[in-house]
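Quick look at run-v7.txt (compact mmCIF, C-alpha atoms):
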```
# COMPACT_ATOMS: atom_id res chain seq x y z
CA MET A 80 -20.31 -37.83 -44.27
CA LEU A 81 -17.59 -36.17 -42.24
CA VAL A 82 -15.09 -38.56 -40.58
CA ALA A 83 -12.83 -36.75 -38.12
CA PRO A 84 -10.17 -38.61 -36.08
CA LEU A 85 -8.09 -37.02 -33.35
CA ASN A 86 -4.44 -36.41 -34.25
CA TRP A 87 -2.84 -38.19 -31.29
CA GLY A 88 -0.39 -40.64 -32.80
CA LEU A 89 -1.98 -42.69 -35.58
CA GLY A 90 -4.35 -44.96 -33.64
CA HIS A 91 -7.48 -42.86 -34.10
CA ALA A 92 -6.76 -42.44 -37.81
CA THR A 93 -6.06 -46.13 -38.46
CA ARG A 94 -9.26 -47.33 -36.82
CA CYS A 95 -11.24 -44.91 -38.97
CA ILE A 96 -10.08 -46.78 -42.09
CA PRO A 97 -12.70 -49.58 -41.79
CA ILE A 98 -15.32 -46.89 -41.10
CA ILE A 99 -14.42 -44.98 -44.26
CA ARG A 100 -14.45 -48.20 -46.29
CA ALA A 101 -17.86 -49.13 -44.87
CA LEU A 102 -19.25 -45.71 -45.74
CA GLN A 103 -18.09 -46.16 -49.33
CA GLU A 104 -19.65 -49.62 -49.52
CA GLU A 105 -22.95 -48.22 -48.24
CA ARG A 106 -22.84 -45.48 -50.91
CA PHE A 107 -21.99 -42.56 -48.65
CA THR A 108 -19.32 -40.05 -49.71
CA PRO A 109 -16.77 -39.75 -46.89
CA ILE A 110 -14.98 -36.48 -46.27
CA ILE A 111 -11.92 -36.77 -44.03
CA ALA A 112 -11.10 -34.06 -41.50
CA SER A 113 -8.14 -33.96 -39.13
CA ASP A 114 -4.72 -32.32 -38.75
CA GLY A 115 -1.02 -33.16 -38.63
CA VAL A 116 0.25 -36.69 -39.20
CA ALA A 117 -3.23 -38.22 -38.86
CA LEU A 118 -4.46 -36.15 -41.81
CA GLU A 119 -1.35 -36.89 -43.87
CA PHE A 120 -1.69 -40.60 -43.18
CA LEU A 121 -5.33 -40.71 -44.31
CA ARG A 122 -4.52 -38.63 -47.39
CA LYS A 123 -2.10 -41.36 -48.44
CA GLU A 124 -4.65 -44.10 -47.67
CA PHE A 125 -7.51 -42.40 -49.54
CA PRO A 126 -5.96 -40.15 -52.22
CA ASN A 127 -9.27 -39.78 -54.05
CA LEU A 128 -11.24 -38.44 -51.07
CA LEU A 129 -11.61 -34.83 -50.04
CA CYS A 130 -9.46 -34.07 -46.98
CA LEU A 131 -10.06 -31.00 -44.82
CA GLU A 132 -7.83 -29.55 -42.13
CA LEU A 133 -9.12 -28.96 -38.61
CA PRO A 134 -7.49 -26.74 -35.97
CA SER A 135 -4.70 -28.56 -34.15
CA TYR A 136 -5.03 -29.34 -30.44
CA GLN A 137 -1.24 -28.81 -30.32
CA ILE A 138 -0.84 -31.46 -27.63
CA GLU A 139 2.76 -31.71 -26.48
CA TYR A 140 4.26 -34.63 -24.58
CA PRO A 141 6.92 -34.03 -21.91
CA GLU A 142 10.19 -35.95 -22.11
CA ASP A 143 9.87 -36.53 -18.36
CA SER A 144 6.88 -38.88 -17.98
CA SER A 145 6.38 -37.85 -14.35
CA LYS A 146 5.28 -34.44 -15.63
CA PHE A 147 2.69 -35.85 -18.05
CA LYS A 148 -0.41 -34.92 -16.06
CA TRP A 149 0.78 -31.41 -15.24
CA LYS A 150 1.70 -30.89 -18.91
CA MET A 151 -1.83 -31.86 -19.94
CA VAL A 152 -3.35 -29.46 -17.39
CA GLN A 153 -1.18 -26.64 -18.73
CA GLN A 154 -2.43 -27.30 -22.25
CA LEU A 155 -6.15 -27.31 -21.38
CA PRO A 156 -6.72 -23.65 -22.42
CA LYS A 157 -5.38 -24.17 -25.95
CA ILE A 158 -7.24 -27.48 -26.25
CA LEU A 159 -10.51 -25.75 -25.34
CA GLU A 160 -9.66 -23.00 -27.82
CA ALA A 161 -9.20 -25.64 -30.53
CA LEU A 162 -12.54 -27.25 -29.58
CA LEU A 163 -14.35 -23.96 -30.08
CA ALA A 164 -12.54 -23.34 -33.35
CA GLU A 165 -13.34 -26.77 -34.79
CA LYS A 166 -16.98 -26.43 -33.72
CA LYS A 167 -17.18 -23.15 -35.65
CA ILE A 168 -15.55 -24.54 -38.79
CA VAL A 169 -17.69 -27.71 -38.74
CA LYS A 170 -20.80 -25.51 -38.60
CA SER A 171 -19.76 -23.92 -41.89
CA TRP A 172 -18.90 -27.30 -43.46
CA VAL A 173 -22.36 -28.72 -42.72
CA LYS A 174 -23.85 -26.21 -45.13
CA GLN A 175 -20.94 -25.98 -47.58
CA TYR A 176 -20.65 -29.74 -48.19
CA ASN A 177 -24.31 -30.66 -47.56
CA LEU A 178 -23.29 -33.10 -44.82
CA CYS A 179 -25.79 -35.72 -43.66
CA GLY A 180 -23.79 -36.85 -40.65
CA ILE A 181 -20.60 -36.69 -38.60
CA ILE A 182 -18.43 -39.45 -37.15
CA SER A 183 -15.93 -37.99 -34.72
CA ASP A 184 -13.20 -40.15 -33.25
CA ASN A 185 -12.35 -38.38 -30.00
CA ARG A 186 -12.66 -34.85 -31.40
CA LEU A 187 -15.06 -33.34 -28.89
CA GLY A 188 -15.79 -30.19 -30.90
CA VAL A 189 -16.68 -31.97 -34.15
CA ARG A 190 -20.46 -32.21 -33.93
CA SER A 191 -23.57 -30.39 -35.09
CA LYS A 192 -27.06 -29.86 -33.72
CA LYS A 193 -28.44 -29.86 -37.27
CA ILE A 194 -27.25 -33.30 -38.36
CA THR A 195 -26.67 -36.67 -36.66
CA SER A 196 -23.33 -36.69 -34.86
CA VAL A 197 -21.62 -39.83 -33.54
CA PHE A 198 -18.64 -40.00 -31.19
CA ILE A 199 -16.22 -42.94 -31.24
CA THR A 200 -14.22 -43.76 -28.11
CA HIS A 201 -12.98 -46.70 -26.08
CA GLN A 202 -12.63 -44.38 -23.09
CA LEU A 203 -15.95 -43.79 -21.38
CA ARG A 204 -13.70 -43.59 -18.33
CA VAL A 205 -10.56 -41.48 -18.91
CA LEU A 206 -7.72 -42.75 -16.73
CA THR A 207 -5.55 -40.04 -15.17
CA GLY A 208 -4.51 -41.63 -11.89
CA SER A 209 -5.88 -39.91 -8.79
CA THR A 210 -7.89 -37.47 -10.96
CA THR A 211 -9.69 -40.15 -13.01
CA TRP A 212 -13.03 -39.18 -11.43
CA PHE A 213 -12.64 -35.60 -12.71
CA SER A 214 -11.32 -36.36 -16.22
CA SER A 215 -14.00 -39.04 -16.70
CA SER A 216 -16.82 -36.78 -15.53
CA LEU A 217 -15.66 -33.95 -17.80
CA HIS A 218 -15.31 -36.27 -20.77
CA GLN A 219 -18.76 -37.77 -20.24
CA LYS A 220 -20.31 -34.30 -20.14
CA PHE A 221 -18.87 -33.59 -23.59
CA ILE A 222 -19.86 -36.89 -25.21
CA GLU A 223 -23.43 -36.69 -23.88
CA LYS A 224 -23.99 -33.98 -26.49
CA PHE A 225 -23.58 -36.49 -29.34
CA ASP A 226 -26.52 -38.48 -30.71
CA GLU A 227 -24.72 -41.80 -30.28
CA VAL A 228 -21.44 -43.03 -28.81
CA TRP A 229 -19.81 -46.00 -30.53
CA VAL A 230 -17.41 -48.06 -28.43
CA PRO A 231 -15.13 -50.29 -30.54
CA ASP A 232 -15.29 -53.25 -28.19
CA PHE A 233 -17.56 -56.02 -26.96
CA ALA A 234 -20.22 -55.26 -24.35
CA ASP A 235 -19.76 -58.41 -22.30
CA GLU A 236 -16.99 -59.50 -19.93
CA TYR A 237 -14.90 -60.78 -22.83
CA ASN A 238 -13.60 -57.40 -23.93
CA LEU A 239 -10.37 -55.50 -24.62
CA SER A 240 -10.85 -52.08 -23.04
CA GLY A 241 -11.79 -53.20 -19.50
CA LYS A 242 -12.92 -50.46 -17.13
CA MET A 243 -12.08 -47.75 -19.65
CA GLY A 244 -14.87 -48.75 -22.02
CA HIS A 245 -17.35 -50.20 -19.53
CA LEU A 246 -19.27 -48.31 -16.84
CA LYS A 247 -21.68 -49.68 -14.24
CA ASN A 248 -24.50 -47.61 -15.69
CA THR A 249 -24.24 -47.32 -19.46
CA LYS A 250 -26.49 -44.76 -21.14
CA GLU A 251 -28.80 -45.66 -24.03
CA GLN A 252 -26.79 -43.61 -26.52
CA VAL A 253 -23.77 -45.93 -26.04
CA LYS A 254 -23.46 -48.78 -28.57
CA TYR A 255 -20.79 -51.47 -28.48
CA ILE A 256 -19.99 -52.06 -32.14
CA GLY A 257 -17.19 -54.63 -31.72
CA PRO A 258 -13.44 -54.07 -32.18
CA LEU A 259 -12.31 -52.22 -35.30
CA SER A 260 -9.35 -53.30 -37.41
CA ARG A 261 -8.26 -52.33 -40.90
CA PHE A 262 -6.65 -55.78 -41.32
CA THR A 263 -7.74 -59.27 -42.40
CA GLU A 264 -5.96 -62.38 -41.15
CA LYS A 265 -4.20 -64.43 -43.87
CA ILE A 266 -1.84 -67.39 -43.92
CA ILE A 267 1.51 -65.88 -44.93
CA PRO A 268 5.00 -67.48 -44.68
CA GLN A 269 7.22 -65.98 -41.96
CA LYS A 270 9.89 -63.59 -43.19
CA TYR A 271 10.98 -61.72 -40.05
CA GLU A 272 11.72 -62.95 -36.54
CA LEU A 273 10.94 -59.55 -35.05
CA MET A 274 9.04 -56.49 -36.22
CA VAL A 275 9.40 -53.18 -34.40
CA LEU A 276 6.32 -51.03 -34.98
CA LEU A 277 6.57 -47.53 -33.54
CA SER A 278 3.77 -44.99 -33.23
CA GLY A 279 2.47 -42.22 -31.01
CA PRO A 280 3.21 -38.55 -30.46
CA GLU A 281 6.60 -36.94 -30.11
CA PRO A 282 8.95 -36.78 -28.33
CA GLN A 283 8.24 -40.24 -26.89
CA ARG A 284 8.08 -41.96 -30.30
CA GLY A 285 11.51 -40.58 -31.20
CA LEU A 286 13.01 -41.39 -27.81
CA LEU A 287 11.92 -45.02 -28.10
CA GLU A 288 13.27 -45.22 -31.66
CA ILE A 289 16.71 -44.06 -30.50
CA GLN A 290 16.67 -46.53 -27.61
CA LEU A 291 15.60 -49.53 -29.69
CA ARG A 292 17.96 -48.82 -32.59
CA GLU A 293 20.83 -48.90 -30.14
CA GLN A 294 19.62 -52.02 -28.36
CA LEU A 295 18.96 -53.88 -31.63
CA GLN A 296 22.33 -53.20 -33.27
CA ASP A 297 23.55 -56.65 -32.31
CA TYR A 298 20.25 -58.47 -32.88
CA LYS A 299 21.09 -61.65 -34.77
CA GLY A 300 17.70 -62.51 -36.25
CA SER A 301 15.82 -61.03 -39.21
CA LEU A 302 14.40 -57.67 -38.20
CA LEU A 303 11.86 -55.28 -39.71
CA PHE A 304 11.89 -51.80 -38.12
CA VAL A 305 9.04 -49.36 -38.95
CA SER A 306 9.70 -45.96 -37.35
CA GLY A 307 6.17 -44.62 -37.72
CA LYS A 308 7.27 -41.27 -39.19
CA ILE A 309 4.79 -40.07 -41.80
CA GLU A 310 6.85 -38.25 -44.42
CA THR A 311 6.34 -37.20 -48.05
CA GLU A 312 8.22 -40.20 -49.43
CA GLN A 313 8.63 -43.71 -48.12
CA LYS A 314 12.25 -44.53 -47.26
CA LYS A 315 13.81 -47.97 -46.94
CA PHE A 316 17.32 -49.18 -46.19
CA THR A 317 18.86 -52.50 -45.18
CA ILE A 318 21.78 -53.30 -42.88
CA GLY A 319 22.59 -57.02 -42.95
CA SER A 320 19.44 -58.87 -41.86
CA GLN A 321 17.77 -55.67 -40.63
CA THR A 322 15.32 -53.69 -42.82
CA TYR A 323 14.19 -50.18 -41.90
CA PHE A 324 11.18 -48.15 -43.12
CA ASN A 325 10.09 -44.66 -42.06
CA PHE A 326 6.43 -45.65 -42.54
CA MET A 327 4.23 -48.18 -44.33
CA SER A 328 0.80 -48.07 -45.93
CA SER A 329 -1.98 -50.16 -44.41
CA SER A 330 -1.60 -52.88 -47.05
CA GLN A 331 2.16 -53.07 -46.45
CA LEU A 332 1.66 -53.23 -42.68
CA GLU A 333 -1.00 -55.91 -43.02
CA GLN A 334 1.45 -58.04 -45.01
CA SER A 335 4.51 -57.31 -42.84
CA ILE A 336 2.85 -57.92 -39.47
CA GLN A 337 1.67 -61.32 -40.63
CA GLU A 338 5.14 -62.11 -42.00
CA SER A 339 6.64 -61.44 -38.54
CA ALA A 340 6.87 -63.93 -35.68
CA LYS A 341 6.85 -61.30 -32.93
CA ILE A 342 5.87 -57.62 -32.75
CA LEU A 343 7.48 -55.06 -30.45
CA CYS A 344 5.26 -52.00 -30.10
CA ARG A 345 3.29 -49.57 -27.93
CA SER A 346 0.16 -50.77 -26.15
CA GLY A 347 -2.20 -48.32 -27.84
CA TYR A 348 -5.79 -49.55 -28.10
CA SER A 349 -5.89 -49.53 -31.92
CA THR A 350 -2.65 -51.53 -32.03
CA VAL A 351 -4.11 -54.04 -29.58
CA MET A 352 -7.21 -54.46 -31.79
CA ASP A 353 -5.03 -55.06 -34.88
CA LEU A 354 -2.81 -57.61 -33.13
CA VAL A 355 -5.76 -59.54 -31.73
CA LYS A 356 -7.44 -59.55 -35.14
CA LEU A 357 -4.29 -60.98 -36.73
CA ASP A 358 -3.63 -63.38 -33.83
CA LYS A 359 -0.05 -62.10 -33.42
CA LYS A 360 2.33 -62.48 -30.49
CA ALA A 361 3.70 -59.18 -29.21
CA PHE A 362 5.65 -57.41 -26.52
CA PHE A 363 4.41 -54.02 -25.32
CA ILE A 364 6.30 -50.93 -24.20
CA PRO A 365 3.64 -48.43 -22.99
CA THR A 366 4.20 -44.74 -23.64
CA PRO A 367 5.65 -43.38 -20.36
CA GLY A 368 3.09 -41.41 -18.37
CA GLN A 369 0.14 -42.40 -20.58
CA PHE A 370 -2.24 -44.03 -18.08
CA GLU A 371 -4.37 -45.66 -20.77
CA GLN A 372 -1.49 -47.59 -22.33
CA GLU A 373 -0.07 -48.56 -18.95
CA TYR A 374 -3.47 -49.88 -17.85
CA LEU A 375 -3.97 -51.87 -21.07
CA ALA A 376 -0.49 -53.40 -20.85
CA LYS A 377 -0.99 -54.47 -17.22
CA ARG A 378 -4.50 -55.81 -17.89
CA LEU A 379 -3.47 -57.85 -20.94
CA LYS A 380 -0.40 -59.25 -19.18
CA LYS A 381 -2.49 -60.31 -16.17
CA ALA A 382 -4.91 -62.05 -18.55
CA GLY A 383 -1.97 -64.02 -19.99
CA PHE A 384 -2.13 -62.44 -23.46
CA PHE A 385 0.88 -60.10 -23.89
CA PRO A 386 3.96 -59.31 -21.75
CA PHE A 387 5.22 -55.76 -21.29
CA ALA A 388 8.02 -53.69 -19.75
CA LYS A 389 8.44 -50.03 -18.90
CA GLN A 390 10.46 -48.12 -21.47
CA ASN A 391 13.43 -47.48 -19.16
CA GLN A 392 13.52 -51.13 -18.08
CA PHE A 393 13.24 -52.90 -21.45
CA THR A 394 16.05 -55.20 -22.62
CA LEU A 395 16.21 -57.64 -25.53
CA GLU A 396 16.05 -60.53 -23.07
CA ASN A 397 12.46 -59.48 -22.33
CA LEU A 398 11.45 -60.75 -25.77
CA LEU A 399 11.95 -64.32 -24.56
CA GLU A 400 8.75 -63.89 -22.51
CA VAL A 401 6.56 -63.58 -25.62
CA ASP A 402 6.28 -67.33 -26.22
CA LEU A 403 4.88 -67.83 -22.71
CA TYR A 404 1.72 -65.89 -23.62
CA LYS A 405 -1.23 -66.76 -25.83
CA THR A 406 -3.12 -64.08 -27.77
CA PRO A 407 -6.89 -63.80 -27.21
CA LYS A 408 -8.99 -65.17 -30.05
CA TRP A 409 -10.98 -62.61 -31.99
CA LYS A 410 -14.69 -63.25 -31.84
CA ASP A 411 -16.27 -63.92 -35.20
CA GLN A 412 -18.58 -60.92 -34.95
CA PRO A 413 -18.24 -58.52 -37.90
CA VAL A 414 -19.47 -54.97 -37.42
CA ASN A 415 -23.04 -54.56 -38.71
CA TRP A 416 -22.38 -51.39 -40.69
CA LYS A 417 -25.72 -51.40 -42.48
CA ASN A 418 -27.63 -51.16 -39.18
CA LEU A 419 -25.24 -48.59 -37.71
CA LEU A 420 -25.17 -46.31 -40.73
CA CYS A 421 -28.94 -46.23 -41.25
CA LEU A 422 -28.81 -43.65 -38.45
CA PHE A 423 -27.60 -41.14 -41.05
CA GLU A 424 -30.15 -41.80 -43.78
CA ARG A 425 -32.17 -38.77 -44.78
CA GLU A 426 -35.90 -38.87 -45.32
```

Before anything else, please render the file you have as structure tokens.
Amino acid sequence: MLVAPLNWGLGHATRCIPIIRALQEERFTPIIASDGVALEFLRKEFPNLLCLELPSYQIEYPEDSSKFKWKMVQQLPKILEALLAEKKIVKSWVKQYNLCGIISDNRLGVRSKKITSVFITHQLRVLTGSTTWFSSSLHQKFIEKFDEVWVPDFADEYNLSGKMGHLKNTKEQVKYIGPLSRFTEKIIPQKYELMVLLSGPEPQRGLLEIQLREQLQDYKGSLLFVSGKIETEQKKFTIGSQTYFNFMSSSQLEQSIQESAKILCRSGYSTVMDLVKLDKKAFFIPTPGQFEQEYLAKRLKKAGFFPFAKQNQFTLENLLEVDLYKTPKWKDQPVNWKNLLCLFERE
């Protein structure tokens, strides 16, 4: 089984972890395919699995968030080129590795007409401001070519993705499988008053790291700062009551998040699913110009779950708002992997 997450920060890769584990439990042999930091991250998580490299979409973020949409438009030709390239290479892998199925997390070119291909997304509607109608229509045309579309959310009104993952007329191929998280909630004594958990593509990840390191220099409480930089070796250093890591494995993050009273992070959808699963209080700083994260942050604040601030407006005093909010309770509805994965069984 080929599992192929998009390399756009680490969110797509992290939510593929429970999928890969489920495949192993159901006696499939997962093969991981991606590029960049997403591929490196999953290599570290599953060192015994075969990992293949796909062509990079080479998506670049502007430093000026007001130019985000125009930057994406400029990059469309090379993204389409990458889609064609990954479609060609996947065609050869189907035969070479005797694949019985494909699970693509937002990689539109990773599919095959010869074997069952599933697309994972929480964005049936792709938010791009005034051009949402166009980006959503284009995206839906692509995902219609897959055999099934799995939305990691609930189908009813109690959901996390809102209008992004819910359309008025949902097609039969769309299945709501419930939120995905690699974590399990445990009762763990508190060790840190604040955990900073950074993620996402450059340069915005790095810009926020610089900003927060400066703002947190005089933070008096116990602090854990995870930069979200996937490097060859894990690095750790301590300054007073502040501990810094370049990255953490899933097991380390699972432990550390639950040891922390508050989390300061981006409002990416995978992060939201993890925080809700672990019933953690958090403060969000959406990636500037990323409509999806801005929408999620506003929606979750309005619902009374998590506060947020724009990156250029955030101050440490904002963290006092966290205690005024109450995290949504995760529904006790585990993903029925056996039923989902029977789609890929050969005769």

Using 3 Å of padding on each side, determine the axis-aligned box around all atoms of stretch 207-213 of chain A present in the file and give its centre and edge lengths in Å to one decimal, as JSON.
```
{"center_x": -8.8, "center_y": -38.6, "center_z": -12.0, "size_x": 14.5, "size_y": 12.0, "size_z": 12.4}
```

Grab the atom CA of A:Ile194 to atom CA of A:Lys224 distance for me, in Å with one decimal place.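 Those two atoms sit 12.3 Å apart.
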
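Remark: for A:Phe125, the closest of the candidate residues A:Met352, A:Ala112, A:Ile99, A:Ile199 is A:Ile99 (distances computed over only C-alpha atoms).
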
Would you kindly return, as a list in words, each protein, DNA or RNA residue with an atom no farther than 10 Å from any atom of A:Gln412, considering only C-alpha atoms and excluding same-chain residues fewer than 4 positions away?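 So, after excluding close chain neighbours, the residues are Phe233, Ile256, Gly257 and Pro258 of chain A.
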
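Take the candidates A:Asn177, A:Thr211, A:Thr263, A:Thr200 and check each one against A:Ser349 using only C-alpha atoms; the shortest distance goes to A:Thr200.
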
Could you check which of A:Leu276, A:Leu422, A:Met80, A:Val355 is closest to A:Asn238, using only C-alpha atoms? A:Val355

How many Å lie between atom CA of A:Leu187 and atom CA of A:His218, rounded to one decimal?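 These two atoms are separated by 8.6 Å.
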
Mind pulling up the distance from atom CA of A:Lys167 to atom CA of A:Ser191?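 Atom CA of A:Ser191 sits 9.7 Å away from atom CA of A:Lys167.
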
Pick out the closest residue to A:Gly88 from this set: A:Lys389, A:Lys408, A:Arg284, A:Lys299. Count only C-alpha atoms. A:Arg284

Near A:Phe384, counting only C-alpha atoms, which residues have an atom at most 10 Å away, once you skip same-chain residues fewer than 3 positions from it, shown as a list of chain:residue names?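 Non-adjacent residues within range: A:Val355, A:Lys360, A:Ala361, A:Phe362, A:Ala376, A:Arg378, A:Leu379, A:Lys380, A:Lys381, A:Val401, A:Leu403, A:Tyr404, A:Lys405, A:Thr406, A:Pro407, A:Lys408.
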
Export of prior selection with C-alpha atoms as a short mmCIF file (atom, residue, chain, number, x, y, z; two decimals), keeping the file's coordinate frame:
```
data_model
loop_
_atom_site.label_atom_id
_atom_site.label_comp_id
_atom_site.auth_asym_id
_atom_site.auth_seq_id
_atom_site.Cartn_x
_atom_site.Cartn_y
_atom_site.Cartn_z
CA VAL A 355 -5.76 -59.54 -31.73
CA LYS A 360 2.33 -62.48 -30.49
CA ALA A 361 3.70 -59.18 -29.21
CA PHE A 362 5.65 -57.41 -26.52
CA ALA A 376 -0.49 -53.40 -20.85
CA ARG A 378 -4.50 -55.81 -17.89
CA LEU A 379 -3.47 -57.85 -20.94
CA LYS A 380 -0.40 -59.25 -19.18
CA LYS A 381 -2.49 -60.31 -16.17
CA VAL A 401 6.56 -63.58 -25.62
CA LEU A 403 4.88 -67.83 -22.71
CA TYR A 404 1.72 -65.89 -23.62
CA LYS A 405 -1.23 -66.76 -25.83
CA THR A 406 -3.12 -64.08 -27.77
CA PRO A 407 -6.89 -63.80 -27.21
CA LYS A 408 -8.99 -65.17 -30.05
#
```

At a cut-off of 10 Å, using all atoms listed in the file, what residues contact A:Glu132? Leave out same-chain residues fewer than 6 positions from it and give the result as a PyMOL selection string. chain A and resi 83+111-115+118-119+165+168

For each of A:Glu338, A:Leu162, A:Gly347, A:Pro386, take the minimum atom-to-atom distance to A:Lys265, counting only C-alpha atoms, then give the residue where this is smallest. A:Glu338

Residue among A:Lys250, A:Gly188, A:Trp212, A:Gly90 lying closest to A:Ser346, counting all atoms listed in the file: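 When distances to A:Ser346 are compared using all atoms listed in the file, the smallest one comes from A:Gly90.
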
Skipping near chain neighbours, those fewer than 5 positions away, what residues fall within 6 Å of stretch 320-327 of chain A using all atoms listed in the file, listed as an MDAnalysis selection string? chainID A and resid 301:309 314:315 332

Suppose we keep C-alpha atoms; can you now write the selection as a tab-separated table (two decimals), in the coordinates of the input?
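result_9.tsv, freshly written:
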```tsv
chain	number	residue	atom	x	y	z
A	301	SER	CA	15.82	-61.03	-39.21
A	302	LEU	CA	14.40	-57.67	-38.20
A	303	LEU	CA	11.86	-55.28	-39.71
A	304	PHE	CA	11.89	-51.80	-38.12
A	305	VAL	CA	9.04	-49.36	-38.95
A	306	SER	CA	9.70	-45.96	-37.35
A	307	GLY	CA	6.17	-44.62	-37.72
A	308	LYS	CA	7.27	-41.27	-39.19
A	309	ILE	CA	4.79	-40.07	-41.80
A	314	LYS	CA	12.25	-44.53	-47.26
A	315	LYS	CA	13.81	-47.97	-46.94
A	332	LEU	CA	1.66	-53.23	-42.68
```

Could you give me, as a ChimeraX atom specification, the residues within 12 Å of A:Leu259, counting only C-alpha atoms and dropping anything in the same chain fewer than 4 positions from it? /A:90-101,199-201,229-233,239,255,263,348-357,409-410,412-416

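A search radius of 10 Å centred on (23.6, -53.8, -35.7), applied to all atoms listed in the file, returns the residues A:Arg292, A:Glu293, A:Gln294, A:Leu295, A:Gln296, A:Asp297, A:Tyr298, A:Lys299, A:Ile318, A:Gly319, A:Ser320, A:Gln321.
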
Expected file contents, prior selection, C-alpha atoms, as an mmCIF file, keeping the file's coordinate frame:
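Result saved to result_8.cif:
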```cif
data_model
loop_
_atom_site.group_PDB
_atom_site.id
_atom_site.type_symbol
_atom_site.label_atom_id
_atom_site.label_comp_id
_atom_site.auth_asym_id
_atom_site.auth_seq_id
_atom_site.Cartn_x
_atom_site.Cartn_y
_atom_site.Cartn_z
ATOM 1 C CA ARG A 292 17.960 -48.820 -32.590
ATOM 2 C CA GLU A 293 20.830 -48.900 -30.140
ATOM 3 C CA GLN A 294 19.620 -52.020 -28.360
ATOM 4 C CA LEU A 295 18.960 -53.880 -31.630
ATOM 5 C CA GLN A 296 22.330 -53.200 -33.270
ATOM 6 C CA ASP A 297 23.550 -56.650 -32.310
ATOM 7 C CA TYR A 298 20.250 -58.470 -32.880
ATOM 8 C CA LYS A 299 21.090 -61.650 -34.770
ATOM 9 C CA ILE A 318 21.780 -53.300 -42.880
ATOM 10 C CA GLY A 319 22.590 -57.020 -42.950
ATOM 11 C CA SER A 320 19.440 -58.870 -41.860
ATOM 12 C CA GLN A 321 17.770 -55.670 -40.630
#
```
